[in-house]
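This report refers to the structure that appears directly beneath it.
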Amino acid sequence: MSSMTKRITTTLLATAASAALLTGTAAAPGMAATAQTAQTAPADSAAAQTIGKKASTMPAAPSAGCGTEQKPGNDEKTISTEDGERSYRINIPRDYELETPLPLVLGFHGNGSDGAEFQNYTGLPTLPTITVFPDGDLNDGKRSWQGAPYASGADDVTFVAELLDSIESEHCIDLNRVYATGKSNGGGMVSVLACHLRDRFSAFAPVAGAYYPQSTEGCDFSTPTPMLAIHGTGDATMHYEGGHRQGEDYPGVREWIQPWAEASGCARTKERQVGRKGEDVVRTQWTRCDASVELYTVADGGHVWPGEVVYSGGGYVTKNFSATSTVWDFFRSHPGTTQGPTQK
């Protein structure tokens with residue numbers, strides 16, 4: 001096959017794959033119930049409310065890695081950085097095709113955890129995407145991320161940029177659908193990435209985020225950025241209304257997200273009860289925005305991943321509201337151009 005023919009074929013496959021993913025038809029066989037729920041959103045879900053013309057028509061942008069043979073599975077790998085060897089887990093769906101671009105989701109664990117634990121309690125590997133779970137740098141025996149007072153001092157932004165270069169150069173990634181999520185300190189790292197690596201991601205979604213001042217230090221809020229946050233009002237670790245921890249004052253989640261709403265020129269907000277089976281979950285959606293900004297408030301929710309597959313932290317855990325499904329709905333509804341390695 002000539003290089004020209006290959007490029008045309010890749011583009012056609014990419015467009016078809018993009019449409020399939022947005023309609024939820026690209027799931028891997030045997031996908032868990034959590035992912036099945038995420039793919040086919042009910043009419044009153046966040047995805048049904050936010051999917052627009054851009055989401056349904058934006059074609060895939062094949063990364064340089066399209067055409068590279070990869071073995072499906074969940075594996076631990078390493079990458080060399082200026083701070084030394086860094087590890088991560090990568091999950092490639094069983095129906096991965098080397099010329100069909102898939103979305104890429106990076107998931108960041110909390111302080112003292114690791115990528116393996118994060119992937120297990122979120123169930124994110126069941127989504128029809130390539131998922132990557134980096135490990136934070138070790139400091140006093142715990143893994144943590146830039147954006148917190150206890151971070152090791154490693155340059156995690158550069159690490160993530162190099163990790164994206166590697167993944168996108170070796171796997172068939174849709175560069176119009178690259179996303180970041182995380183919990184607690186990992187949510188704070190998502191904030192850091194939105195501030196300092198914005199051009200490598202399409203949208204962001206922290207959960208129970210630890211928004212220490214370091215997570216927005218030097219942040220440029222001038223670019224409209226799709227942002228979703230989930231936080232429980234009963235979070236005793238990172239209080240919903242803000243507080244003091246690790247020698248730092250930190251803002252409440254509404255105070256933290258407001259600059260992103262302002263960056264998108266949002267005019268007002270509207271709220272809607274989205275909880276099921278008696279759950280008190282309120283969706284706050286900023287309107288008339290250049291980029292979507294949303295907040296899900298879980299009444300009495302603890303420092304947890306709502307709808308978790310296994311234990312993720314302290315406090316009340318709702319089983320009738322899924323952070324994984326909600327985050328995925330938001331991500332697949334918000335494609336956006338990213339500056340990855342040279343496209344195919």
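Convention: chains lettered A, B, ... in structure tokens order; per-chain residue numbering from 1; ligands numbered from 1 as shown.
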Using only C-alpha atoms, which residues sit within 12 Å of Tyr212 of chain A once same-chain residues fewer than 2 positions away are excluded, as an mmCIF file with N, CA, C and O atoms, in the first residue's frame?
data_model
loop_
_atom_site.group_PDB
_atom_site.id
_atom_site.type_symbol
_atom_site.label_atom_id
_atom_site.label_comp_id
_atom_site.auth_asym_id
_atom_site.auth_seq_id
_atom_site.Cartn_x
_atom_site.Cartn_y
_atom_site.Cartn_z
ATOM 1 N N TRP A 145 1.617 13.807 43.416
ATOM 2 C CA TRP A 145 1.685 14.577 42.190
ATOM 3 C C TRP A 145 1.974 16.039 42.453
ATOM 4 O O TRP A 145 1.625 16.577 43.519
ATOM 5 N N GLN A 146 2.547 16.661 41.475
ATOM 6 C CA GLN A 146 2.730 18.107 41.477
ATOM 7 C C GLN A 146 1.368 18.779 41.723
ATOM 8 O O GLN A 146 0.330 18.310 41.274
ATOM 9 N N GLY A 147 1.401 19.892 42.487
ATOM 10 C CA GLY A 147 0.153 20.577 42.783
ATOM 11 C C GLY A 147 -0.264 20.461 44.222
ATOM 12 O O GLY A 147 -1.370 20.882 44.593
ATOM 13 N N ALA A 148 0.603 19.901 45.066
ATOM 14 C CA ALA A 148 0.311 19.743 46.491
ATOM 15 C C ALA A 148 1.561 20.061 47.305
ATOM 16 O O ALA A 148 2.685 19.890 46.819
ATOM 17 N N PRO A 149 1.412 20.491 48.563
ATOM 18 C CA PRO A 149 2.582 20.848 49.378
ATOM 19 C C PRO A 149 3.477 19.668 49.703
ATOM 20 O O PRO A 149 4.649 19.850 50.032
ATOM 21 N N TYR A 150 2.969 18.448 49.590
ATOM 22 C CA TYR A 150 3.762 17.257 49.912
ATOM 23 C C TYR A 150 4.376 16.614 48.668
ATOM 24 O O TYR A 150 4.977 15.544 48.751
ATOM 25 N N ALA A 151 4.236 17.225 47.499
ATOM 26 C CA ALA A 151 4.772 16.648 46.264
ATOM 27 C C ALA A 151 6.287 16.516 46.330
ATOM 28 O O ALA A 151 6.971 17.254 47.045
ATOM 29 N N SER A 184 -8.615 13.305 44.211
ATOM 30 C CA SER A 184 -7.867 13.876 45.318
ATOM 31 C C SER A 184 -6.616 14.597 44.808
ATOM 32 O O SER A 184 -6.711 15.506 43.996
ATOM 33 N N ASN A 185 -5.427 14.182 45.228
ATOM 34 C CA ASN A 185 -4.199 14.781 44.713
ATOM 35 C C ASN A 185 -4.112 14.607 43.196
ATOM 36 O O ASN A 185 -3.578 15.468 42.487
ATOM 37 N N GLY A 186 -4.673 13.507 42.682
ATOM 38 C CA GLY A 186 -4.747 13.309 41.243
ATOM 39 C C GLY A 186 -5.665 14.321 40.581
ATOM 40 O O GLY A 186 -5.424 14.749 39.450
ATOM 41 N N GLY A 187 -6.729 14.715 41.290
ATOM 42 C CA GLY A 187 -7.583 15.779 40.788
ATOM 43 C C GLY A 187 -6.854 17.106 40.772
ATOM 44 O O GLY A 187 -7.025 17.916 39.857
ATOM 45 N N GLY A 188 -6.018 17.334 41.782
ATOM 46 C CA GLY A 188 -5.179 18.526 41.788
ATOM 47 C C GLY A 188 -4.201 18.520 40.628
ATOM 48 O O GLY A 188 -3.920 19.568 40.036
ATOM 49 N N MET A 189 -3.693 17.340 40.272
ATOM 50 C CA MET A 189 -2.799 17.228 39.126
ATOM 51 C C MET A 189 -3.536 17.549 37.826
ATOM 52 O O MET A 189 -2.975 18.168 36.914
ATOM 53 N N SER A 191 -5.851 19.710 37.611
ATOM 54 C CA SER A 191 -5.864 21.173 37.626
ATOM 55 C C SER A 191 -4.547 21.733 37.113
ATOM 56 O O SER A 191 -4.525 22.680 36.315
ATOM 57 N N VAL A 192 -3.437 21.157 37.536
ATOM 58 C CA VAL A 192 -2.114 21.592 37.067
ATOM 59 C C VAL A 192 -2.014 21.439 35.550
ATOM 60 O O VAL A 192 -1.528 22.334 34.846
ATOM 61 N N GLY A 209 -11.323 16.576 44.143
ATOM 62 C CA GLY A 209 -10.007 17.146 43.929
ATOM 63 C C GLY A 209 -9.406 17.831 45.144
ATOM 64 O O GLY A 209 -10.111 18.428 45.959
ATOM 65 N N ALA A 210 -8.070 17.727 45.264
ATOM 66 C CA ALA A 210 -7.308 18.453 46.292
ATOM 67 C C ALA A 210 -6.751 19.707 45.631
ATOM 68 O O ALA A 210 -5.701 19.669 44.992
ATOM 69 N N GLN A 214 -0.977 25.323 45.077
ATOM 70 C CA GLN A 214 0.021 24.893 44.092
ATOM 71 C C GLN A 214 -0.626 24.334 42.817
ATOM 72 O O GLN A 214 0.011 24.283 41.769
ATOM 73 N N SER A 215 -1.891 23.929 42.895
ATOM 74 C CA SER A 215 -2.547 23.327 41.731
ATOM 75 C C SER A 215 -2.958 24.363 40.689
ATOM 76 O O SER A 215 -3.255 24.010 39.541
ATOM 77 N N THR A 216 -2.988 25.631 41.075
ATOM 78 C CA THR A 216 -3.327 26.691 40.116
ATOM 79 C C THR A 216 -2.252 27.783 40.074
ATOM 80 O O THR A 216 -2.463 28.838 39.475
ATOM 81 N N GLU A 217 -1.114 27.514 40.679
ATOM 82 C CA GLU A 217 -0.033 28.508 40.713
ATOM 83 C C GLU A 217 0.427 28.851 39.293
ATOM 84 O O GLU A 217 0.739 27.977 38.487
ATOM 85 N N MET A 238 -10.960 16.819 51.850
ATOM 86 C CA MET A 238 -10.914 18.087 51.109
ATOM 87 C C MET A 238 -12.323 18.654 51.109
ATOM 88 O O MET A 238 -13.161 18.272 50.293
ATOM 89 N N HIS A 239 -12.586 19.525 52.060
ATOM 90 C CA HIS A 239 -13.943 20.001 52.293
ATOM 91 C C HIS A 239 -14.529 20.708 51.069
ATOM 92 O O HIS A 239 -13.839 21.466 50.371
ATOM 93 N N GLY A 242 -14.024 24.299 51.162
ATOM 94 C CA GLY A 242 -12.643 24.734 51.375
ATOM 95 C C GLY A 242 -12.231 24.576 52.825
ATOM 96 O O GLY A 242 -13.033 24.231 53.698
ATOM 97 N N GLY A 243 -10.950 24.813 53.111
ATOM 98 C CA GLY A 243 -10.474 24.638 54.482
ATOM 99 C C GLY A 243 -8.963 24.807 54.576
ATOM 100 O O GLY A 243 -8.343 25.492 53.756
ATOM 101 N N HIS A 244 -8.380 24.152 55.586
ATOM 102 C CA HIS A 244 -6.943 24.250 55.839
ATOM 103 C C HIS A 244 -6.397 22.842 56.025
ATOM 104 O O HIS A 244 -6.923 22.056 56.823
ATOM 105 N N ARG A 245 -5.338 22.502 55.300
ATOM 106 C CA ARG A 245 -4.742 21.175 55.377
ATOM 107 C C ARG A 245 -3.308 21.252 54.887
ATOM 108 O O ARG A 245 -2.982 22.057 54.016
ATOM 109 N N GLN A 246 -2.448 20.414 55.463
ATOM 110 C CA GLN A 246 -1.037 20.370 55.052
ATOM 111 C C GLN A 246 -0.388 21.753 55.119
ATOM 112 O O GLN A 246 0.502 22.079 54.336
ATOM 113 N N GLY A 247 -0.834 22.573 56.071
ATOM 114 C CA GLY A 247 -0.260 23.906 56.240
ATOM 115 C C GLY A 247 -0.708 24.918 55.206
ATOM 116 O O GLY A 247 -0.157 26.023 55.133
ATOM 117 N N GLU A 248 -1.715 24.564 54.402
ATOM 118 C CA GLU A 248 -2.183 25.443 53.333
ATOM 119 C C GLU A 248 -3.686 25.678 53.432
ATOM 120 O O GLU A 248 -4.454 24.770 53.775
ATOM 121 N N ASP A 249 -4.120 26.885 53.112
ATOM 122 C CA ASP A 249 -5.541 27.152 52.911
ATOM 123 C C ASP A 249 -5.886 26.764 51.484
ATOM 124 O O ASP A 249 -5.164 27.112 50.540
ATOM 125 N N TYR A 250 -6.979 26.060 51.305
ATOM 126 C CA TYR A 250 -7.388 25.672 49.959
ATOM 127 C C TYR A 250 -8.838 26.107 49.727
ATOM 128 O O TYR A 250 -9.643 26.195 50.653
ATOM 129 N N PRO A 251 -9.196 26.408 48.475
ATOM 130 C CA PRO A 251 -10.535 26.912 48.173
ATOM 131 C C PRO A 251 -11.574 25.808 48.109
ATOM 132 O O PRO A 251 -11.247 24.624 47.926
ATOM 133 N N GLY A 252 -12.835 26.190 48.230
ATOM 134 C CA GLY A 252 -13.917 25.262 47.976
ATOM 135 C C GLY A 252 -13.991 24.958 46.495
ATOM 136 O O GLY A 252 -13.431 25.678 45.651
ATOM 137 N N VAL A 253 -14.692 23.896 46.132
ATOM 138 C CA VAL A 253 -14.724 23.477 44.738
ATOM 139 C C VAL A 253 -15.393 24.524 43.850
ATOM 140 O O VAL A 253 -14.976 24.751 42.711
ATOM 141 N N GLU A 255 -15.351 27.784 44.329
ATOM 142 C CA GLU A 255 -14.377 28.857 44.167
ATOM 143 C C GLU A 255 -13.284 28.454 43.194
ATOM 144 O O GLU A 255 -12.815 29.273 42.389
ATOM 145 N N TRP A 256 -12.882 27.183 43.251
ATOM 146 C CA TRP A 256 -11.835 26.704 42.347
ATOM 147 C C TRP A 256 -12.304 26.696 40.894
ATOM 148 O O TRP A 256 -11.543 27.067 39.985
#
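Excluding segment 90-95 of chain A itself and any same-chain residue fewer than 5 positions from it, the protein and nucleic acid residues within 9 Å of it, counting only C-alpha atoms, are Ala26, Ala27, Ala28, Pro29, Gln70, Lys71, Pro72, Gly73, Asn74, Asp75, Glu76, Lys77, Pro125, Thr126, Leu127, Pro128, Thr129, Ile130, Thr131, Val132, Phe133 and Pro134 of chain A.
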Shell of 7 Å around segment 159-174 of chain A, only C-alpha atoms, local chain residues under 5 positions omitted, as a PyMOL selection string: chain A and resi 60-68+81+98-104+340-341
Those in segment 137-281 of chain A with strand (DSSP E or B) from DSSP, as JSON, numbers by chain: {"A": [137, 138, 139, 142, 143, 144, 173, 174, 175, 176, 177, 178, 179, 180, 181, 182, 183, 203, 204, 205, 206, 207, 227, 228, 229, 230, 231, 232, 242, 243, 244, 245, 248, 249, 250, 251, 268, 269, 270, 271, 272, 273, 281]}
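Around Ala291 of chain A, within 7 Å and counting only C-alpha atoms, the residues found are Pro224, Thr225, Pro226 and Ser264 of chain A, once anything fewer than 6 positions away on its own chain is removed.
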Length of the atom CA of Gly115 of chain A to atom CA of Ala180 of chain A vector [Å]: 13.4 Å
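Among the candidate residues A:Asp137, A:Asp114, A:Asp300, A:Glu97, the one lying nearest to Val282 of chain A is A:Asp300, with distances computed using only C-alpha atoms.
You can rank A:His231, A:Arg283, A:Arg254, A:Arg332 by their closest distance to Tyr316 of chain A using only C-alpha atoms, and at the top of that list sits A:His231.
Considering only C-alpha atoms, the residue among A:Tyr211, A:Trp328, A:Tyr240, A:Tyr88 positioned nearest to Gly302 of chain A is A:Tyr240.
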Spatial neighbours of Gly314 of chain A, max dist 12 Å, only C-alpha atoms, sep filter under 2 positions, as a ChimeraX atom specification: /A:184,208,232,234-238,300-306,311-312,316-317
